[in-house]
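Peer 1: Below: one structure in structure tokens.
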Amino acid sequence: MSTNAVKQEQAGAGSHQVLTFVLGNETYGVDILRVQEIRGWSAVTKIPHAPAHVLGVLNLRGSIVPIVDLRMRFALERAEYTAITVIIVVSVISAVGRRDFGVVVDGVSDVVDVNTAEVKPAPELGSRAATDYIRGLVSIADRMVVLLDIDRLIASDMTSFSGNLAQEETSVAATAA
Amino acid sequence: MTIDLTQFHDAFFEESFEALDSMEAALLKLDIGAPDSELINTIFRVAHSIKGGSATFGFSDIASFTHSLETLLDELRSGGMQVTLAISDLLLKSVDVMRAMLRSVQAKQPLDAQRISDLQFDLELIIAQKNAAAAPTYTVMPAAIAHLASSAPAPGAAAPGATAPGATAHRRWEISFRPYRELFARGNDPLRMMRELAELGELDVKADLSAVPGFAELDPQACYLAWTLGLTGDVSEEAIKQVFEWAEGDCDLVVRLLNAPDETPVTVAAVEPALAAEVIADAILSASAPPEEAKADPTVHAAAAAPVLAVVKQDAKADAPLSAIGDSGSIRVSVEKIDELMNTVGELVITQAMLSQLGAAMEGPNAEKLRAGLAQLERNTRELQESVMRVRMLPISFVFSRFPRMVRDLAQRLNKQIDLKLTGEQTELDKTVLEKIGDPLVHLVRNSIDHGIESPEVRVAAGKSPVGTVHLDACHRGGNIAVEVSDDGGGLDKERILAKARARGLVGPNDALTDEQIHDLIFVPGFSTADKTTDLSGRGVGMDVVRRNVKELGGKIELRSESGRGSRFIITLPLTLAIVDGQSVAVGSETYIIPLISIVESMRLKEASISRLSGRNEVFSFRGDYLPIIRLHELFGVEPRARALHEGLVVIAEGDGRRVGLFVDDLLGQQQVVIKSLEVNYGHVEGVSGATILGDGSVALILDVTGIIHAASLRVAA
């Protein structure tokens with residue numbers, strides 16, 4: 001599946017499909033080929049020492065999948081988790097292979113065709129890191145959709161996961177010294 | 001039409017490696033001097049089928065080497081040569097070389113030509129020496145020898161009427177008399193026999209001294225000699241046989257009439273059915289080919305002429321050694337397929353548990369029927385899960401089988417006499433555990449032989465048998481498997497260990513240590529009591545690695561040693577890495593699983609038994625020891641139900657040789673849980689070894705006690 005996605009991107013074929021979802025007032029989009037499934041909210045199991053936006057893990061048909069709250073990830077105002085809160089399970093390609101992740105969003109909107117030529121690069125906003133995971137912006141039916149590069153989005157989390165405790169330890173060591 | 005033979009390569013390699021394993025096993029069982037013909041046949045068949053296969057696939061180096069090997073084996077099979085220690089060594093080396101050759105060819109890497117040609121030279125040399133010794137007879141009767149080479153002599157099994165009918169008055173007999181080692185023990189005296197023969201006619205005697213070992217290995221009660229006797233006179237075969245009547249069954253005897261060139265061999269061995277076909281094939285070939293070639297394998301001729309036909313032949317023969325080692329019909333399945341099956345069954349179990357919970361709450365006219373059905377489903381699922389688990393289980397003999405060879409080689413190198421005892425080889429455990437337990441066991445066995453078992457002189461001086469015993473045992477104990485490596489050697493030298501530890505500053509000069517603590521020292525990284533470093537041991541890498549490997553598998557290692565009586569290493573391992581016996585505990589709203597193997601016991605604390613060190617670190621007394629308390633809710637950042645220590649429970653857990661009390665809200669129950677990786681999608685979490693899915697479909701974390709102790713001590717340090 002992922003290879004398909006890559007091929008399509010490389011070919012630059014006219015358009016690709018994007019799943020759009022809502023987060024606060026914004027609409028975001030992810031490549032539909034990366035979406036494994038969409039499911040309703042259910043209680044997660046907390047992971048010790050995890051970053052705040054990693055809510056915990058869920059059982060997804062036998063495999064253990066971490067759940068990331070995108071509102072917290074993007075420093076948006078927190079929302080209550082309700083029966084209509086949605087988890088989009090996506091697969092990301094990282095250095096260590098394919099990983100599955102669930103992202104909590106307010107709601108799923110639509111699947112739309114995006115014309116590759118119409119995608120505009122994200123404007124420079126000073127801090128590069130903030131826009132690092134934005135592939136581009138595209139206007140669909142007069143709404144701006146932020147296309148996410150989930151590989152980058154999760155990859156930056158990945159390092160913070162593994163580095164998390166180590167950092168804690170070094171800071172502990174530093175204070176002890 | 002050409003067939004792409006490369007598609008058969010993998011099967012050929014796999015079968016060849018298996019066949020080599022069985023060849024090695026057979027070689028090790030082979031008794032020097034009195035070999036079991038069935039074993040020799042097994043060995044022969046392996047060499048034969050590998051030769052056939054490699055010739056077919058064009059691996060000419062392997063084919064050439066195995067040809068030399070086969071020639072030697074054929075001599076052994078026909079009784080033309082005796083199995084000596086030197087030959088058995090040579091054959092074992094050949095197995096190694098063949099394995100190496102196959103591996104190189106498989107990996108498409110160049111062969112170690114020097115090693116191969118050296119060994120091949122040795123093989124040919126030993127055959128040539130034998131032939132040189134028997135040269136005179138060869139020149140006299142080439143055809144008869146060729147026939148004899150293909151028939152296994154069995155005394156007393158002469159075919160009736162085989163005696164040459166129209167023989168001249170003065171017949172010349174050649175008697176090959178090869179007694180077994182224990183000939184003397186049965187009260188036979190070769191000298192008496194020869195005296196009797198001398199009375200029958202003119203006797204000339206040639207003794208074969210080739211089997212006589214060096215003086216050190218010489219057993220005065222064993223017969224190492226063999227004779228070739230020439231007897232001329234008017235003697236019947238029966239008369240000769242009568243002389244050897246009492247030695248029947250204790251020797252290989254071939255009586256042959258020499259001066260009747262057109263006779264078929266007088267003695268036709270009782271050939272077992274499996275061999276018959278090959279003997280006939282050889283006989284047919286020998287009729288048309290020169291005698292040296294008669295010993296060559298028919299497959300080679302066939303292979304050169306018609307490769308496709310040879311494939312069929314090779315396949316048919318490859319079946320033989322497999323069935324010989326008791327393979328009872330199996331299929332090869334890739335591990336991924338089994339893992340997939342395991343996953344699916346795991347999900348099925350969870351779904352079933354969910355349905356059961358729903359069913360229990362159900363009411364209505366059909367509720368009872370539904371519950372009955374669900375109970376049935378539960379039974380079936382459990383059985384299915386167990387069967388799938390069993391698919392992954394292999395007998396530990398897969399690991400044990402490498403030891404006879406290793407022990408033999410090591411004993412030889414160290415000049416020790418060692419008897420290896422293997423028991424419980426059929427004990428089954430998970431493939432992944434099996435793969436990882438091999439190296440630690442090799443280490444322990446090596447240690448036992450190198451450090452444990454004393455040299456024969458020392459043993460005799462201590463009043464023990466000169467032959468030391470190393471015992472490998474495996475058995476199921478509860479939900480675990482216990483593998484034990486024990487020896488009857490000198491045991492651990494506690495004084496020496498302690499002295500070394502003091503010298504290295506591991507132990508204070510005045511500290512008194514218990515035996516257990518002293519034994520524990522050998523697991524310290526870099527610790528070694530050996531005065532000189534050998535390539536076997538003494539570098540101090542070893543026991544700590546053994547312990548680490550065992551721990552990684554979720555097991556533990558214990559050591560019991562008695563000075564002068566030997567030592568025992570007991571490794572306890574989970575049967576499988578996929579399942580763990582766990583105790584569920586509640587902390588706040590979270591459920592955690594603590595592996596049962598790390599739990600010592602659980603108890604409710606009394607206020608009186610708790611004390612605080614420097615006002616902060618809580619400890620409690622447990623059987624005379626003070627153990628630190630780790631509050632799981634603090635470590636994992638969970639809101640607990642109970643904060644006061646006497647309101648909750650402590651689980652006394654052991655990890656990394658230390659005991660701690662884990663403070664939890666409540667114990668929930670014991671259950672087997674399927675281990676799922678957190679690292680596949682997330683990453684490693686300190687203090688957590690994995691996760692599992694509970695009956696209600698939710699996820700629970702499985703705790704890693706060693707990691708928790710580590711994490712907690714860091715916090716305390718802060």
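Every chain in the structure tokens takes a letter, A first, then B, and so on in the order presented; its residues are numbered from 1, and the ligands are numbered from 1 following the presented order.
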Find the residues of chain B that sit at most 8 Å from chain A; for each, write down the nearest two atoms and how far apart they are in Å, to one decimal. Count only C-alpha atoms. Sort by chain, then by number going up, and give it as JSON lines.
Peer 2:
{"residue": "B:Asn343", "atom": "CA", "partner": "A:Gly62", "partner_atom": "CA", "distance": 6.8}
{"residue": "B:Thr344", "atom": "CA", "partner": "A:Gly62", "partner_atom": "CA", "distance": 7.9}
{"residue": "B:Gly346", "atom": "CA", "partner": "A:Gly62", "partner_atom": "CA", "distance": 7.1}
{"residue": "B:Glu347", "atom": "CA", "partner": "A:Gly62", "partner_atom": "CA", "distance": 5.6}
{"residue": "B:Glu590", "atom": "CA", "partner": "A:Thr45", "partner_atom": "CA", "distance": 7.2}
{"residue": "B:Leu635", "atom": "CA", "partner": "A:Pro48", "partner_atom": "CA", "distance": 7.9}
{"residue": "B:Phe636", "atom": "CA", "partner": "A:Pro48", "partner_atom": "CA", "distance": 4.8}
{"residue": "B:Gly637", "atom": "CA", "partner": "A:Pro48", "partner_atom": "CA", "distance": 6.7}
{"residue": "B:Lys676", "atom": "CA", "partner": "A:Ser63", "partner_atom": "CA", "distance": 7.0}
{"residue": "B:Ser677", "atom": "CA", "partner": "A:Ile64", "partner_atom": "CA", "distance": 7.1}
{"residue": "B:Leu678", "atom": "CA", "partner": "A:Ile64", "partner_atom": "CA", "distance": 6.3}
{"residue": "B:Val680", "atom": "CA", "partner": "A:Arg99", "partner_atom": "CA", "distance": 6.6}
{"residue": "B:Asn681", "atom": "CA", "partner": "A:Arg99", "partner_atom": "CA", "distance": 4.7}
{"residue": "B:Tyr682", "atom": "CA", "partner": "A:Pro66", "partner_atom": "CA", "distance": 6.3}
{"residue": "B:Gly683", "atom": "CA", "partner": "A:Ser162", "partner_atom": "CA", "distance": 6.2}
{"residue": "B:His684", "atom": "CA", "partner": "A:Ser162", "partner_atom": "CA", "distance": 6.8}
{"residue": "B:Val685", "atom": "CA", "partner": "A:Pro48", "partner_atom": "CA", "distance": 7.3}
{"residue": "B:Glu686", "atom": "CA", "partner": "A:Leu165", "partner_atom": "CA", "distance": 7.6}
{"residue": "B:Ala691", "atom": "CA", "partner": "A:Ile64", "partner_atom": "CA", "distance": 7.5}
{"residue": "B:Ile693", "atom": "CA", "partner": "A:Asn59", "partner_atom": "CA", "distance": 6.8}
{"residue": "B:Gly697", "atom": "CA", "partner": "A:Asn59", "partner_atom": "CA", "distance": 6.7}
{"residue": "B:Ser698", "atom": "CA", "partner": "A:Asn59", "partner_atom": "CA", "distance": 6.3}
{"residue": "B:Val699", "atom": "CA", "partner": "A:Thr45", "partner_atom": "CA", "distance": 5.9}
{"residue": "B:Ala700", "atom": "CA", "partner": "A:Thr45", "partner_atom": "CA", "distance": 6.7}
{"residue": "B:Leu714", "atom": "CA", "partner": "A:Glu169", "partner_atom": "CA", "distance": 7.5}
{"residue": "B:Arg715", "atom": "CA", "partner": "A:Val172", "partner_atom": "CA", "distance": 7.8}
{"residue": "B:Ala717", "atom": "CA", "partner": "A:Ala176", "partner_atom": "CA", "distance": 7.3}
{"residue": "B:Ala718", "atom": "CA", "partner": "A:Ala176", "partner_atom": "CA", "distance": 5.6}
Peer 1: Go ahead and write the selection's residues with N, CA, C and O atoms as an mmCIF file, in the first residue's frame.
Peer 2:
data_model
loop_
_atom_site.group_PDB
_atom_site.id
_atom_site.type_symbol
_atom_site.label_atom_id
_atom_site.label_comp_id
_atom_site.auth_asym_id
_atom_site.auth_seq_id
_atom_site.Cartn_x
_atom_site.Cartn_y
_atom_site.Cartn_z
ATOM 1 N N ASN B 343 -1.680 -15.294 15.878
ATOM 2 C CA ASN B 343 -2.341 -14.002 16.041
ATOM 3 C C ASN B 343 -3.835 -14.132 15.906
ATOM 4 O O ASN B 343 -4.600 -13.600 16.696
ATOM 5 N N THR B 344 -4.241 -14.855 14.856
ATOM 6 C CA THR B 344 -5.663 -15.005 14.601
ATOM 7 C C THR B 344 -6.333 -15.724 15.762
ATOM 8 O O THR B 344 -7.410 -15.334 16.210
ATOM 9 N N GLY B 346 -5.281 -15.776 18.767
ATOM 10 C CA GLY B 346 -5.275 -14.847 19.891
ATOM 11 C C GLY B 346 -6.494 -13.934 19.864
ATOM 12 O O GLY B 346 -7.154 -13.718 20.886
ATOM 13 N N GLU B 347 -6.795 -13.438 18.671
ATOM 14 C CA GLU B 347 -7.965 -12.575 18.537
ATOM 15 C C GLU B 347 -9.245 -13.338 18.813
ATOM 16 O O GLU B 347 -10.172 -12.824 19.427
ATOM 17 N N GLU B 590 -5.981 1.418 36.432
ATOM 18 C CA GLU B 590 -5.187 0.621 35.487
ATOM 19 C C GLU B 590 -5.001 -0.808 35.988
ATOM 20 O O GLU B 590 -5.008 -1.065 37.195
ATOM 21 N N LEU B 635 5.522 5.582 40.337
ATOM 22 C CA LEU B 635 6.430 5.319 39.227
ATOM 23 C C LEU B 635 5.741 5.533 37.892
ATOM 24 O O LEU B 635 6.317 6.046 36.941
ATOM 25 N N PHE B 636 4.467 5.119 37.815
ATOM 26 C CA PHE B 636 3.769 5.181 36.530
ATOM 27 C C PHE B 636 2.839 6.384 36.423
ATOM 28 O O PHE B 636 2.153 6.549 35.424
ATOM 29 N N GLY B 637 2.825 7.218 37.450
ATOM 30 C CA GLY B 637 2.000 8.402 37.387
ATOM 31 C C GLY B 637 0.515 8.118 37.270
ATOM 32 O O GLY B 637 -0.181 8.657 36.409
ATOM 33 N N LYS B 676 2.134 -9.264 23.722
ATOM 34 C CA LYS B 676 2.166 -8.461 22.491
ATOM 35 C C LYS B 676 3.262 -7.421 22.636
ATOM 36 O O LYS B 676 3.502 -6.932 23.735
ATOM 37 N N SER B 677 3.858 -7.096 21.531
ATOM 38 C CA SER B 677 4.948 -6.135 21.598
ATOM 39 C C SER B 677 4.418 -4.711 21.613
ATOM 40 O O SER B 677 3.503 -4.360 20.876
ATOM 41 N N LEU B 678 5.013 -3.915 22.472
ATOM 42 C CA LEU B 678 4.720 -2.481 22.472
ATOM 43 C C LEU B 678 5.629 -1.786 21.485
ATOM 44 O O LEU B 678 5.366 -0.693 21.031
ATOM 45 N N VAL B 680 6.612 -2.634 18.493
ATOM 46 C CA VAL B 680 6.319 -2.655 17.063
ATOM 47 C C VAL B 680 5.798 -1.302 16.617
ATOM 48 O O VAL B 680 6.287 -0.714 15.654
ATOM 49 N N ASN B 681 4.825 -0.768 17.339
ATOM 50 C CA ASN B 681 4.224 0.491 16.925
ATOM 51 C C ASN B 681 4.640 1.678 17.775
ATOM 52 O O ASN B 681 4.450 2.812 17.392
ATOM 53 N N TYR B 682 5.182 1.379 18.943
ATOM 54 C CA TYR B 682 5.506 2.488 19.836
ATOM 55 C C TYR B 682 6.996 2.518 20.127
ATOM 56 O O TYR B 682 7.777 3.000 19.310
ATOM 57 N N GLY B 683 7.408 1.959 21.216
ATOM 58 C CA GLY B 683 8.820 1.975 21.560
ATOM 59 C C GLY B 683 8.980 1.317 22.904
ATOM 60 O O GLY B 683 8.004 0.871 23.510
ATOM 61 N N HIS B 684 10.208 1.260 23.371
ATOM 62 C CA HIS B 684 10.450 0.622 24.649
ATOM 63 C C HIS B 684 10.040 1.552 25.784
ATOM 64 O O HIS B 684 10.278 2.754 25.723
ATOM 65 N N VAL B 685 9.391 0.971 26.777
ATOM 66 C CA VAL B 685 9.021 1.747 27.950
ATOM 67 C C VAL B 685 9.712 1.115 29.145
ATOM 68 O O VAL B 685 9.600 -0.084 29.373
ATOM 69 N N GLU B 686 10.436 1.918 29.882
ATOM 70 C CA GLU B 686 11.163 1.415 31.044
ATOM 71 C C GLU B 686 10.194 0.795 32.040
ATOM 72 O O GLU B 686 9.176 1.389 32.401
ATOM 73 N N ALA B 691 2.757 -5.863 26.307
ATOM 74 C CA ALA B 691 1.361 -5.607 26.635
ATOM 75 C C ALA B 691 0.564 -6.844 26.296
ATOM 76 O O ALA B 691 1.056 -7.742 25.602
ATOM 77 N N ILE B 693 -3.766 -8.284 25.775
ATOM 78 C CA ILE B 693 -5.154 -7.865 25.616
ATOM 79 C C ILE B 693 -6.013 -8.677 26.563
ATOM 80 O O ILE B 693 -5.956 -9.912 26.569
ATOM 81 N N GLY B 697 -11.128 -6.898 25.918
ATOM 82 C CA GLY B 697 -10.592 -6.241 24.729
ATOM 83 C C GLY B 697 -9.682 -5.083 25.048
ATOM 84 O O GLY B 697 -9.067 -4.529 24.147
ATOM 85 N N SER B 698 -9.573 -4.722 26.333
ATOM 86 C CA SER B 698 -8.694 -3.607 26.664
ATOM 87 C C SER B 698 -7.259 -4.106 26.814
ATOM 88 O O SER B 698 -7.005 -5.293 26.915
ATOM 89 N N VAL B 699 -6.354 -3.133 26.827
ATOM 90 C CA VAL B 699 -4.934 -3.468 26.848
ATOM 91 C C VAL B 699 -4.395 -3.349 28.276
ATOM 92 O O VAL B 699 -4.754 -2.417 28.999
ATOM 93 N N ALA B 700 -3.582 -4.306 28.702
ATOM 94 C CA ALA B 700 -2.895 -4.196 29.992
ATOM 95 C C ALA B 700 -1.407 -4.325 29.752
ATOM 96 O O ALA B 700 -0.972 -5.102 28.901
ATOM 97 N N LEU B 714 16.855 4.905 40.116
ATOM 98 C CA LEU B 714 17.230 6.198 39.537
ATOM 99 C C LEU B 714 16.456 7.321 40.206
ATOM 100 O O LEU B 714 16.991 8.385 40.491
ATOM 101 N N ARG B 715 15.183 7.041 40.464
ATOM 102 C CA ARG B 715 14.344 8.070 41.087
ATOM 103 C C ARG B 715 14.821 8.355 42.504
ATOM 104 O O ARG B 715 14.867 9.485 42.936
ATOM 105 N N ALA B 717 17.771 7.941 43.587
ATOM 106 C CA ALA B 717 19.040 8.659 43.513
ATOM 107 C C ALA B 717 18.808 10.145 43.334
ATOM 108 O O ALA B 717 19.576 10.973 43.830
ATOM 109 N N ALA B 718 17.744 10.508 42.644
ATOM 110 C CA ALA B 718 17.442 11.905 42.417
ATOM 111 C C ALA B 718 16.917 12.531 43.715
ATOM 112 O O ALA B 718 17.089 13.693 43.943
#
Peer 1: Which residues come within 12 Å of region 74-79 of chain A, counting only C-alpha atoms, excluding same-chain residues fewer than 5 positions away, as a PDB file with N, CA, C and O atoms, in the first residue's frame?
Peer 2:
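out-v9.pdb, written as the output of this step:
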ATOM      1  N   LEU A  23     -10.419  19.566  12.900  1.00  0.00           N
ATOM      2  CA  LEU A  23      -9.769  19.717  14.204  1.00  0.00           C
ATOM      3  C   LEU A  23      -9.987  21.166  14.587  1.00  0.00           C
ATOM      4  O   LEU A  23      -9.374  22.058  13.995  1.00  0.00           O
ATOM      5  N   GLY A  24     -10.895  21.412  15.538  1.00  0.00           N
ATOM      6  CA  GLY A  24     -11.223  22.792  15.864  1.00  0.00           C
ATOM      7  C   GLY A  24     -11.857  23.450  14.652  1.00  0.00           C
ATOM      8  O   GLY A  24     -12.809  22.918  14.090  1.00  0.00           O
ATOM      9  N   ASN A  25     -11.245  24.559  14.198  1.00  0.00           N
ATOM     10  CA  ASN A  25     -11.800  25.251  13.055  1.00  0.00           C
ATOM     11  C   ASN A  25     -11.103  24.891  11.755  1.00  0.00           C
ATOM     12  O   ASN A  25     -11.483  25.361  10.694  1.00  0.00           O
ATOM     13  N   GLU A  26     -10.052  24.069  11.884  1.00  0.00           N
ATOM     14  CA  GLU A  26      -9.264  23.762  10.693  1.00  0.00           C
ATOM     15  C   GLU A  26      -9.664  22.427  10.068  1.00  0.00           C
ATOM     16  O   GLU A  26     -10.182  21.536  10.739  1.00  0.00           O
ATOM     17  N   TYR A  28      -7.917  19.324   7.965  1.00  0.00           N
ATOM     18  CA  TYR A  28      -6.636  18.715   7.605  1.00  0.00           C
ATOM     19  C   TYR A  28      -6.897  17.564   6.647  1.00  0.00           C
ATOM     20  O   TYR A  28      -8.012  17.034   6.569  1.00  0.00           O
ATOM     21  N   ALA A  52       2.723  13.941  26.676  1.00  0.00           N
ATOM     22  CA  ALA A  52       1.330  14.224  27.043  1.00  0.00           C
ATOM     23  C   ALA A  52       0.351  13.929  25.913  1.00  0.00           C
ATOM     24  O   ALA A  52      -0.762  13.462  26.156  1.00  0.00           O
ATOM     25  N   HIS A  53       0.744  14.190  24.667  1.00  0.00           N
ATOM     26  CA  HIS A  53      -0.214  14.002  23.589  1.00  0.00           C
ATOM     27  C   HIS A  53      -0.367  12.545  23.184  1.00  0.00           C
ATOM     28  O   HIS A  53      -1.234  12.217  22.384  1.00  0.00           O
ATOM     29  N   VAL A  68      -2.526   9.062  19.461  1.00  0.00           N
ATOM     30  CA  VAL A  68      -2.026  10.425  19.612  1.00  0.00           C
ATOM     31  C   VAL A  68      -3.194  11.398  19.501  1.00  0.00           C
ATOM     32  O   VAL A  68      -4.019  11.273  18.607  1.00  0.00           O
ATOM     33  N   ASP A  69      -3.239  12.323  20.431  1.00  0.00           N
ATOM     34  CA  ASP A  69      -4.277  13.349  20.357  1.00  0.00           C
ATOM     35  C   ASP A  69      -3.731  14.519  19.540  1.00  0.00           C
ATOM     36  O   ASP A  69      -2.826  15.232  19.978  1.00  0.00           O
ATOM     37  N   ILE A  84     -18.782  10.512  19.723  1.00  0.00           N
ATOM     38  CA  ILE A  84     -18.563  10.810  18.304  1.00  0.00           C
ATOM     39  C   ILE A  84     -17.115  11.212  18.008  1.00  0.00           C
ATOM     40  O   ILE A  84     -16.777  11.535  16.878  1.00  0.00           O
ATOM     41  N   THR A  85     -16.278  11.199  19.040  1.00  0.00           N
ATOM     42  CA  THR A  85     -14.847  11.427  18.802  1.00  0.00           C
ATOM     43  C   THR A  85     -14.344  10.260  17.951  1.00  0.00           C
ATOM     44  O   THR A  85     -14.742   9.119  18.150  1.00  0.00           O
ATOM     45  N   VAL A 103      -4.807   8.470  15.440  1.00  0.00           N
ATOM     46  CA  VAL A 103      -4.867   9.894  15.779  1.00  0.00           C
ATOM     47  C   VAL A 103      -6.298  10.258  16.132  1.00  0.00           C
ATOM     48  O   VAL A 103      -7.244   9.881  15.430  1.00  0.00           O
ATOM     49  N   VAL A 104      -6.443  10.982  17.229  1.00  0.00           N
ATOM     50  CA  VAL A 104      -7.775  11.391  17.668  1.00  0.00           C
ATOM     51  C   VAL A 104      -8.087  12.731  17.013  1.00  0.00           C
ATOM     52  O   VAL A 104      -7.297  13.662  17.109  1.00  0.00           O
ATOM     53  N   VAL A 105      -9.235  12.779  16.312  1.00  0.00           N
ATOM     54  CA  VAL A 105      -9.652  14.029  15.664  1.00  0.00           C
ATOM     55  C   VAL A 105     -11.104  14.313  16.037  1.00  0.00           C
ATOM     56  O   VAL A 105     -11.789  13.449  16.595  1.00  0.00           O
ATOM     57  N   ASP A 106     -11.564  15.523  15.724  1.00  0.00           N
ATOM     58  CA  ASP A 106     -12.930  15.888  16.096  1.00  0.00           C
ATOM     59  C   ASP A 106     -13.951  15.153  15.248  1.00  0.00           C
ATOM     60  O   ASP A 106     -15.005  14.747  15.720  1.00  0.00           O
ATOM     61  N   GLY A 107     -13.620  15.013  13.947  1.00  0.00           N
ATOM     62  CA  GLY A 107     -14.571  14.334  13.081  1.00  0.00           C
ATOM     63  C   GLY A 107     -13.992  14.164  11.691  1.00  0.00           C
ATOM     64  O   GLY A 107     -13.120  14.921  11.282  1.00  0.00           O
ATOM     65  N   ALA A 129      10.338  24.192  12.345  1.00  0.00           N
ATOM     66  CA  ALA A 129       9.828  22.959  12.939  1.00  0.00           C
ATOM     67  C   ALA A 129       8.307  22.913  12.917  1.00  0.00           C
ATOM     68  O   ALA A 129       7.704  21.862  12.733  1.00  0.00           O
ATOM     69  N   ALA A 130       7.682  24.060  13.087  1.00  0.00           N
ATOM     70  CA  ALA A 130       6.232  24.096  13.196  1.00  0.00           C
ATOM     71  C   ALA A 130       5.559  23.675  11.899  1.00  0.00           C
ATOM     72  O   ALA A 130       4.470  23.110  11.916  1.00  0.00           O
ATOM     73  N   THR A 131       6.213  23.952  10.776  1.00  0.00           N
ATOM     74  CA  THR A 131       5.578  23.634   9.501  1.00  0.00           C
ATOM     75  C   THR A 131       6.208  22.415   8.838  1.00  0.00           C
ATOM     76  O   THR A 131       5.879  22.065   7.719  1.00  0.00           O
ATOM     77  N   TYR A 133       5.863  19.280   9.269  1.00  0.00           N
ATOM     78  CA  TYR A 133       4.996  18.146   8.942  1.00  0.00           C
ATOM     79  C   TYR A 133       3.840  18.544   8.030  1.00  0.00           C
ATOM     80  O   TYR A 133       2.899  17.809   7.861  1.00  0.00           O
ATOM     81  N   ILE A 134       3.903  19.758   7.483  1.00  0.00           N
ATOM     82  CA  ILE A 134       2.856  20.182   6.543  1.00  0.00           C
ATOM     83  C   ILE A 134       3.380  20.008   5.125  1.00  0.00           C
ATOM     84  O   ILE A 134       4.425  20.556   4.759  1.00  0.00           O
ATOM     85  N   LEU A 148      -1.203  16.947   5.597  1.00  0.00           N
ATOM     86  CA  LEU A 148      -0.195  16.553   6.587  1.00  0.00           C
ATOM     87  C   LEU A 148       0.761  15.512   6.014  1.00  0.00           C
ATOM     88  O   LEU A 148       0.372  14.644   5.247  1.00  0.00           O
ATOM     89  N   LEU A 153       5.342  13.877  10.904  1.00  0.00           N
ATOM     90  CA  LEU A 153       4.615  14.201  12.130  1.00  0.00           C
ATOM     91  C   LEU A 153       4.931  13.171  13.214  1.00  0.00           C
ATOM     92  O   LEU A 153       5.241  13.504  14.351  1.00  0.00           O
TER      93      LEU A 153
END
Peer 1: Give me, as a list in words, all polymer residues having an atom no more than 12 Å from Val35 (chain A), counting only C-alpha atoms and skipping those fewer than 3 positions away in the same chain.
Peer 2: Met1, Ser2, Ala5, Gln17, Val18, Leu19, Thr20, Gly29, Val30, Asp31, Ile32, Ile38, Arg39, Ile87, Ile88, Val89, Val90, Ser91, Val92, Arg99, Asp100, Phe101, Gly102, Val103, Val108, Val111 and Ile150 of chain A
Peer 1: From a DSSP pass on the backbone, collect the residues of region 19-255 of chain B flagged as alpha helix (DSSP H) and hand them back as a PyMOL selection string.
Peer 2: chain B and resi 19-29+37-56+60-77+85-106+113-133+135-140+142-149+190-200+237-243
Peer 1: Near His16 (chain A), within 7 Å and counting only C-alpha atoms, which residues show up once chain neighbours fewer than 5 positions away are dropped, as a PyMOL selection string?
Peer 2: chain A and resi 113-115
Peer 1: Just the selected residues (C-alpha atoms), exported as a tab-separated table (two decimals), in the first residue's frame, please.
Peer 2:
chain	number	residue	atom	x	y	z
A	113	ASP	CA	-9.47	14.39	-5.00
A	114	VAL	CA	-6.56	16.77	-4.75
A	115	ASN	CA	-4.96	18.04	-7.90
Peer 1: Rank nothing, just name the residue among B:Gln672, B:Thr514, B:Ser22, B:Ser486 nearest to Ala578 (chain B), using only C-alpha atoms.
Peer 2: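 Under the stated criterion, the closest residue is B:Gln672.
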Peer 1: With a distance cut-off of 12 Å and only C-alpha atoms, select the neighbouring residues of Asp10 (chain B), excluding the residue or stretch itself and same-chain residues fewer than 4 positions from it, and output the selection as a short mmCIF file (atom, residue, chain, number, x, y, z; two decimals) with C-alpha atoms, in the first residue's frame.
Peer 2:
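The file below, result04.cif, is the result:
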data_model
loop_
_atom_site.label_atom_id
_atom_site.label_comp_id
_atom_site.auth_asym_id
_atom_site.auth_seq_id
_atom_site.Cartn_x
_atom_site.Cartn_y
_atom_site.Cartn_z
CA LEU B 5 17.64 -27.52 -11.49
CA THR B 6 18.19 -24.44 -9.33
CA GLU B 14 17.97 -28.43 3.56
CA GLU B 15 17.85 -32.18 3.18
CA SER B 16 21.60 -32.43 3.08
CA PHE B 17 22.02 -30.48 6.30
CA GLY B 53 22.64 -34.73 -5.34
CA PHE B 57 23.46 -30.10 -9.45
CA LEU B 102 27.37 -26.97 1.42
CA ARG B 103 27.14 -23.67 3.26
CA VAL B 105 27.92 -23.32 -2.11
CA GLN B 106 24.59 -22.21 -0.73
CA ALA B 107 25.92 -18.74 -0.03
#
Peer 1: Near Thr116 (chain A), counting only C-alpha atoms, which residues have an atom at most 7 Å away, once you skip same-chain residues fewer than 2 positions from it, shown as a ChimeraX atom specification?
Peer 2: /A:12,14-15,114,118-119
Peer 1: Please extract the residues of region 22-73 of chain A with a backbone DSSP assignment of strand (DSSP E) and present them as a list in words.
Peer 2: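 Strand (DSSP E) members of region 22-73 of chain A, listed: Val22, Leu23, Glu26, Thr27, Tyr28, Gly29, Val30, Asp31, Val35, Gln36, Glu37, Ile38, Arg39, Gly40, Val54, Leu55, Gly56, Val57, Leu58, Asn59, Leu60, Ser63, Ile64, Val65, Pro66, Ile67, Val68 and Asp69 of chain A.
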